[in-house]
Amino acid sequence: MSPLSQVNLPTYPLERFHKVVEPDVLEHASAVLERSRDLLDGRTVWHVNSTAEGGGVAEMLRSLLAYARGSGIDARWAVIEGEPEFFRITKRLHHALHGSLGDGSPLGAQAARAYGEVLNPNLKSFLDDVRPGDTVFLHDPQTAGMAASLMAHGATVIWRCHIGTEDSTPETEEGWSFLAPHIRDVPLRIFSRKAYIPAVLNDNRSKVVQPSIDAFSTKNEELEDDVARAILTQAGLITGPPGDGPRSFTRGDGSTGLVERQASVLREDAAPVWNDPLVVQVSRWDPLKDHGGVMQGFASFVDRYDQNGRTQLVLAGPDVSGVTDDPEGGIVLEELKGLWATFPKHLRSRMHLASLPMEDVGENAAIVNALQRHATIIVQKSLREGFGLTLTEAMWKSRPVIASRVGGLQDQVTHEEDGLLLDNPTDVEALGDALGRIIKDRPLATRLGSNAKERVRANFLGIRHLAQYHDLLNTLLS
Ligand code: UDP
């Protein structure tokens, strides 16, 4: 069996964007993609990463590649496979590039060997598919070690890094020492922020492209209130009569799906009812997302601003058995359950830890969409964040957002204009205050939400992203 698998991709017409962007934006993107198609002349553009489901990279690839295909480009997506030890090492690297210690294990020769041993069989099967002249985008540390062999095979290799931190610390140095030799010679490296380009790779081959969301995906499609209500009731995230709406969503291939499964939720008693104000954070179960800090900030908000109110907190993340490249998820979730149990009952009864079903990506996306659209306030209190697509998604849904002033979150929100930023990501009282402000000031909530949507329209939709990738590729190919 081949260790590397290809993901089936839909094909979407770029013209769809006429509904959400100005005509000149669409014209520019069409022209860039047309030029790529001509320069590629039938050759394939591959993207390779380590998971087809869960997390921001998979989310973006699915739709960007579908639009590239819709523009006549043979775009394909391959996913490498690895053992738990490989993903432990790459998670260690992931933490290192964010400047944190992770499990603190050495990143020396032994780790390098284990890393290579997993990539070799992946490469072997991939080289059967890649033709000289094809372009290969390798995503993140998991795939960086494939670059040299692919270049030797005659492919144009681009390394796309979705993570990073602006600081240079002993941890980042160690992470980059491990990775840089693999990607020093590729003709193009793409980072999400300028500040993430490490000194060792700071040359004219390193460029910046900000991430994006797909306005038309299951995750972001418009949903009527009654549909959101039916979906959330079915998923067990709210209680009470489901209303008359269908619990339906549109799949990537255009067919209709129904939400069937339930989230697995740790809660004291009942789920919130439809009219309860909801504070929501949607994230993988990762220490850098600081779910614990969100609970503490929420507790501070309840005790100081909402003692007689009914505001509830939902922390939603993927069912941990469904995310193969993140071995830490289960441990983090267990720790959070322990923390949850330490809060007094009046707070526990307002805090819900929800693991969303992952068996069906469409269903998972529909639940996330309904939850984000129904949220009164969306929080992204990460301690570090590469970009933070969950924030973009929330802003596109006109939600008032509160985010830490870290990483890519601060590139998305202009404080007081299209959201609120927390200067100190560990200041839980400040989160409590920000929640209190928005809950009490509906005009503020509405203004922040509608500005947020415009911010995303202008900057963070897939059409801009895809055009930038292909602009860079066109320069390389010509
Ligand atoms: N996500 C999801 N289901 C979940 C939790 C998260 O689909 O149960 C999605 C979320 O909507 C977003 C992505 O995973 O599209 C996370 O991307 P982000 O950039 O916020 O963080 P990352 O996980 O890449 O660190």
# chains A, B, ... in the order shown; residues from 1 in each chain; ligands from 1

$ closest_atom_pairs --of "region 21-94 of chain A" --to "region 98-113 of chain A" --cutoff "12 Å" --atoms "only C-alpha atoms" --output "JSON lines"
{"residue": "A:Glu85", "atom": "CA", "partner": "A:Ala111", "partner_atom": "CA", "distance": 9.3}
{"residue": "A:Phe86", "atom": "CA", "partner": "A:Ala111", "partner_atom": "CA", "distance": 8.6}
{"residue": "A:Phe87", "atom": "CA", "partner": "A:Ala111", "partner_atom": "CA", "distance": 11.1}
{"residue": "A:Arg88", "atom": "CA", "partner": "A:Asp103", "partner_atom": "CA", "distance": 8.6}
{"residue": "A:Ile89", "atom": "CA", "partner": "A:Ala111", "partner_atom": "CA", "distance": 6.8}
{"residue": "A:Thr90", "atom": "CA", "partner": "A:Ala111", "partner_atom": "CA", "distance": 9.5}
{"residue": "A:Lys91", "atom": "CA", "partner": "A:Gly102", "partner_atom": "CA", "distance": 7.6}
{"residue": "A:Arg92", "atom": "CA", "partner": "A:Gly102", "partner_atom": "CA", "distance": 5.3}
{"residue": "A:Leu93", "atom": "CA", "partner": "A:Leu107", "partner_atom": "CA", "distance": 8.1}
{"residue": "A:His94", "atom": "CA", "partner": "A:His98", "partner_atom": "CA", "distance": 6.5}

$ residues_near_ligand --ligand "ligand 1" --cutoff "7 Å" --atoms "only C-alpha atoms and all ligand atoms" --output "PyMOL selection string"
chain A and resi 54-57+59+219+282-284+316-319+355-356+364-365+368+385-391

$ atom_distance --atom1 "CA of Leu435 (chain A)" --atom2 "CA of Ala299 (chain A)"
10.6 Å

$ residues_around --residues "region 419-424 of chain A" --least-positions-apart "6" --cutoff "6 Å" --atoms "only C-alpha atoms" --output "list in words"
Pro400, Val401, Ile402, Ala403, Ser404, Arg405, Val413 and Leu448 of chain A

$ select_by_dssp --residues "region 15-229 of chain A" --states "strand (DSSP E)" --output "VMD selection string"
chain A and resid 44 to 49 74 to 79 135 to 139 156 to 161 188 to 191 206 to 208

$ select_by_dssp --residues "region 145-217 of chain A" --states "helix (DSSP H, G or I)" --output "MDAnalysis selection string"
chainID A and resid 147:152 170:183 194:196 199:201

$ decode --residues "region 175-191 of chain A" --atoms "all heavy atoms" --output "PDB file, in the first residue's frame"
ATOM      1  N   GLY A 175      14.783  24.736  16.172  1.00  0.00           N
ATOM      2  CA  GLY A 175      13.843  24.276  15.150  1.00  0.00           C
ATOM      3  C   GLY A 175      14.352  24.603  13.753  1.00  0.00           C
ATOM      4  O   GLY A 175      14.343  23.755  12.850  1.00  0.00           O
ATOM      5  N   TRP A 176      14.817  25.850  13.568  1.00  0.00           N
ATOM      6  CA  TRP A 176      15.279  26.238  12.236  1.00  0.00           C
ATOM      7  C   TRP A 176      16.581  25.544  11.856  1.00  0.00           C
ATOM      8  O   TRP A 176      16.820  25.271  10.681  1.00  0.00           O
ATOM      9  CB  TRP A 176      15.394  27.763  12.114  1.00  0.00           C
ATOM     10  CG  TRP A 176      14.036  28.404  12.021  1.00  0.00           C
ATOM     11  CD1 TRP A 176      13.456  29.249  12.934  1.00  0.00           C
ATOM     12  CD2 TRP A 176      13.052  28.224  10.985  1.00  0.00           C
ATOM     13  NE1 TRP A 176      12.185  29.599  12.529  1.00  0.00           N
ATOM     14  CE2 TRP A 176      11.919  28.987  11.340  1.00  0.00           C
ATOM     15  CE3 TRP A 176      13.021  27.480   9.801  1.00  0.00           C
ATOM     16  CZ2 TRP A 176      10.771  29.028  10.544  1.00  0.00           C
ATOM     17  CZ3 TRP A 176      11.883  27.525   9.007  1.00  0.00           C
ATOM     18  CH2 TRP A 176      10.775  28.291   9.382  1.00  0.00           C
ATOM     19  N   SER A 177      17.423  25.230  12.862  1.00  0.00           N
ATOM     20  CA  SER A 177      18.650  24.489  12.521  1.00  0.00           C
ATOM     21  C   SER A 177      18.292  23.121  11.954  1.00  0.00           C
ATOM     22  O   SER A 177      18.975  22.604  11.071  1.00  0.00           O
ATOM     23  CB  SER A 177      19.521  24.230  13.757  1.00  0.00           C
ATOM     24  OG  SER A 177      19.791  25.402  14.381  1.00  0.00           O
ATOM     25  N   PHE A 178      17.226  22.549  12.481  1.00  0.00           N
ATOM     26  CA  PHE A 178      16.783  21.241  11.989  1.00  0.00           C
ATOM     27  C   PHE A 178      16.236  21.371  10.561  1.00  0.00           C
ATOM     28  O   PHE A 178      16.549  20.567   9.680  1.00  0.00           O
ATOM     29  CB  PHE A 178      15.699  20.706  12.935  1.00  0.00           C
ATOM     30  CG  PHE A 178      15.227  19.306  12.643  1.00  0.00           C
ATOM     31  CD1 PHE A 178      15.673  18.233  13.412  1.00  0.00           C
ATOM     32  CD2 PHE A 178      14.324  19.050  11.621  1.00  0.00           C
ATOM     33  CE1 PHE A 178      15.234  16.933  13.162  1.00  0.00           C
ATOM     34  CE2 PHE A 178      13.885  17.761  11.356  1.00  0.00           C
ATOM     35  CZ  PHE A 178      14.342  16.689  12.126  1.00  0.00           C
ATOM     36  N   LEU A 179      15.424  22.399  10.353  1.00  0.00           N
ATOM     37  CA  LEU A 179      14.697  22.490   9.075  1.00  0.00           C
ATOM     38  C   LEU A 179      15.446  23.178   7.938  1.00  0.00           C
ATOM     39  O   LEU A 179      15.329  22.787   6.777  1.00  0.00           O
ATOM     40  CB  LEU A 179      13.396  23.272   9.284  1.00  0.00           C
ATOM     41  CG  LEU A 179      12.229  22.508   9.843  1.00  0.00           C
ATOM     42  CD1 LEU A 179      11.059  23.459  10.031  1.00  0.00           C
ATOM     43  CD2 LEU A 179      11.814  21.363   8.905  1.00  0.00           C
ATOM     44  N   ALA A 180      16.199  24.238   8.285  1.00  0.00           N
ATOM     45  CA  ALA A 180      16.762  25.089   7.227  1.00  0.00           C
ATOM     46  C   ALA A 180      17.569  24.313   6.186  1.00  0.00           C
ATOM     47  O   ALA A 180      17.441  24.592   4.987  1.00  0.00           O
ATOM     48  CB  ALA A 180      17.587  26.219   7.843  1.00  0.00           C
ATOM     49  N   PRO A 181      18.392  23.333   6.597  1.00  0.00           N
ATOM     50  CA  PRO A 181      19.161  22.629   5.566  1.00  0.00           C
ATOM     51  C   PRO A 181      18.265  21.992   4.496  1.00  0.00           C
ATOM     52  O   PRO A 181      18.668  21.867   3.346  1.00  0.00           O
ATOM     53  CB  PRO A 181      19.900  21.543   6.357  1.00  0.00           C
ATOM     54  CG  PRO A 181      19.943  22.052   7.762  1.00  0.00           C
ATOM     55  CD  PRO A 181      18.696  22.862   7.950  1.00  0.00           C
ATOM     56  N   HIS A 182      17.048  21.612   4.882  1.00  0.00           N
ATOM     57  CA  HIS A 182      16.151  20.973   3.914  1.00  0.00           C
ATOM     58  C   HIS A 182      15.592  21.960   2.886  1.00  0.00           C
ATOM     59  O   HIS A 182      15.209  21.569   1.792  1.00  0.00           O
ATOM     60  CB  HIS A 182      14.965  20.314   4.640  1.00  0.00           C
ATOM     61  CG  HIS A 182      15.366  19.152   5.495  1.00  0.00           C
ATOM     62  ND1 HIS A 182      15.862  17.985   4.983  1.00  0.00           N
ATOM     63  CD2 HIS A 182      15.350  18.980   6.838  1.00  0.00           C
ATOM     64  CE1 HIS A 182      16.132  17.137   5.962  1.00  0.00           C
ATOM     65  NE2 HIS A 182      15.837  17.723   7.097  1.00  0.00           N
ATOM     66  N   ILE A 183      15.470  23.205   3.273  1.00  0.00           N
ATOM     67  CA  ILE A 183      14.750  24.134   2.393  1.00  0.00           C
ATOM     68  C   ILE A 183      15.558  25.349   1.974  1.00  0.00           C
ATOM     69  O   ILE A 183      15.046  26.249   1.324  1.00  0.00           O
ATOM     70  CB  ILE A 183      13.466  24.620   3.105  1.00  0.00           C
ATOM     71  CG1 ILE A 183      13.793  24.872   4.558  1.00  0.00           C
ATOM     72  CG2 ILE A 183      12.343  23.605   2.970  1.00  0.00           C
ATOM     73  CD1 ILE A 183      12.794  25.620   5.267  1.00  0.00           C
ATOM     74  N   ARG A 184      16.827  25.333   2.311  1.00  0.00           N
ATOM     75  CA  ARG A 184      17.668  26.481   1.964  1.00  0.00           C
ATOM     76  C   ARG A 184      17.724  26.663   0.449  1.00  0.00           C
ATOM     77  O   ARG A 184      17.720  27.771  -0.055  1.00  0.00           O
ATOM     78  CB  ARG A 184      19.073  26.263   2.541  1.00  0.00           C
ATOM     79  CG  ARG A 184      19.913  27.517   2.501  1.00  0.00           C
ATOM     80  CD  ARG A 184      21.215  27.369   3.272  1.00  0.00           C
ATOM     81  NE  ARG A 184      21.054  27.496   4.706  1.00  0.00           N
ATOM     82  CZ  ARG A 184      21.476  26.596   5.600  1.00  0.00           C
ATOM     83  NH1 ARG A 184      22.079  25.497   5.206  1.00  0.00           N
ATOM     84  NH2 ARG A 184      21.306  26.802   6.877  1.00  0.00           N
ATOM     85  N   ASP A 185      17.747  25.566  -0.292  1.00  0.00           N
ATOM     86  CA  ASP A 185      17.985  25.675  -1.736  1.00  0.00           C
ATOM     87  C   ASP A 185      16.728  25.737  -2.593  1.00  0.00           C
ATOM     88  O   ASP A 185      16.831  25.804  -3.811  1.00  0.00           O
ATOM     89  CB  ASP A 185      18.837  24.479  -2.193  1.00  0.00           C
ATOM     90  CG  ASP A 185      20.213  24.530  -1.535  1.00  0.00           C
ATOM     91  OD1 ASP A 185      20.650  25.656  -1.202  1.00  0.00           O
ATOM     92  OD2 ASP A 185      20.811  23.461  -1.326  1.00  0.00           O
ATOM     93  N   VAL A 186      15.554  25.669  -1.976  1.00  0.00           N
ATOM     94  CA  VAL A 186      14.362  25.745  -2.839  1.00  0.00           C
ATOM     95  C   VAL A 186      14.262  27.155  -3.413  1.00  0.00           C
ATOM     96  O   VAL A 186      14.684  28.120  -2.777  1.00  0.00           O
ATOM     97  CB  VAL A 186      13.045  25.369  -2.086  1.00  0.00           C
ATOM     98  CG1 VAL A 186      13.111  23.961  -1.543  1.00  0.00           C
ATOM     99  CG2 VAL A 186      12.723  26.359  -0.991  1.00  0.00           C
ATOM    100  N   PRO A 187      13.709  27.297  -4.618  1.00  0.00           N
ATOM    101  CA  PRO A 187      13.697  28.622  -5.236  1.00  0.00           C
ATOM    102  C   PRO A 187      12.724  29.606  -4.581  1.00  0.00           C
ATOM    103  O   PRO A 187      12.843  30.811  -4.775  1.00  0.00           O
ATOM    104  CB  PRO A 187      13.291  28.336  -6.685  1.00  0.00           C
ATOM    105  CG  PRO A 187      12.659  26.989  -6.672  1.00  0.00           C
ATOM    106  CD  PRO A 187      13.248  26.234  -5.519  1.00  0.00           C
ATOM    107  N   LEU A 188      11.749  29.078  -3.823  1.00  0.00           N
ATOM    108  CA  LEU A 188      10.770  29.982  -3.223  1.00  0.00           C
ATOM    109  C   LEU A 188      10.253  29.396  -1.916  1.00  0.00           C
ATOM    110  O   LEU A 188       9.932  28.206  -1.846  1.00  0.00           O
ATOM    111  CB  LEU A 188       9.597  30.178  -4.206  1.00  0.00           C
ATOM    112  CG  LEU A 188       8.418  31.023  -3.759  1.00  0.00           C
ATOM    113  CD1 LEU A 188       8.828  32.475  -3.504  1.00  0.00           C
ATOM    114  CD2 LEU A 188       7.313  30.988  -4.829  1.00  0.00           C
ATOM    115  N   ARG A 189      10.225  30.255  -0.901  1.00  0.00           N
ATOM    116  CA  ARG A 189       9.619  29.857   0.379  1.00  0.00           C
ATOM    117  C   ARG A 189       8.564  30.907   0.698  1.00  0.00           C
ATOM    118  O   ARG A 189       8.787  32.094   0.494  1.00  0.00           O
ATOM    119  CB  ARG A 189      10.650  29.832   1.502  1.00  0.00           C
ATOM    120  CG  ARG A 189      11.953  29.195   1.116  1.00  0.00           C
ATOM    121  CD  ARG A 189      13.001  29.384   2.215  1.00  0.00           C
ATOM    122  NE  ARG A 189      14.327  29.187   1.652  1.00  0.00           N
ATOM    123  CZ  ARG A 189      15.186  30.189   1.387  1.00  0.00           C
ATOM    124  NH1 ARG A 189      14.873  31.441   1.694  1.00  0.00           N
ATOM    125  NH2 ARG A 189      16.353  29.921   0.840  1.00  0.00           N
ATOM    126  N   ILE A 190       7.425  30.449   1.183  1.00  0.00           N
ATOM    127  CA  ILE A 190       6.337  31.401   1.457  1.00  0.00           C
ATOM    128  C   ILE A 190       5.971  31.331   2.936  1.00  0.00           C
ATOM    129  O   ILE A 190       5.715  30.254   3.474  1.00  0.00           O
ATOM    130  CB  ILE A 190       5.097  31.083   0.589  1.00  0.00           C
ATOM    131  CG1 ILE A 190       5.468  31.150  -0.896  1.00  0.00           C
ATOM    132  CG2 ILE A 190       3.966  32.055   0.905  1.00  0.00           C
ATOM    133  CD1 ILE A 190       4.329  30.800  -1.842  1.00  0.00           C
ATOM    134  N   PHE A 191       5.937  32.496   3.559  1.00  0.00           N
ATOM    135  CA  PHE A 191       5.586  32.608   4.980  1.00  0.00           C
ATOM    136  C   PHE A 191       4.301  33.427   5.110  1.00  0.00           C
ATOM    137  O   PHE A 191       3.954  34.200   4.215  1.00  0.00           O
ATOM    138  CB  PHE A 191       6.727  33.300   5.744  1.00  0.00           C
ATOM    139  CG  PHE A 191       7.999  32.486   5.781  1.00  0.00           C
ATOM    140  CD1 PHE A 191       8.883  32.500   4.698  1.00  0.00           C
ATOM    141  CD2 PHE A 191       8.306  31.689   6.872  1.00  0.00           C
ATOM    142  CE1 PHE A 191      10.049  31.737   4.716  1.00  0.00           C
ATOM    143  CE2 PHE A 191       9.470  30.926   6.901  1.00  0.00           C
ATOM    144  CZ  PHE A 191      10.344  30.945   5.818  1.00  0.00           C
TER     145      PHE A 191
END
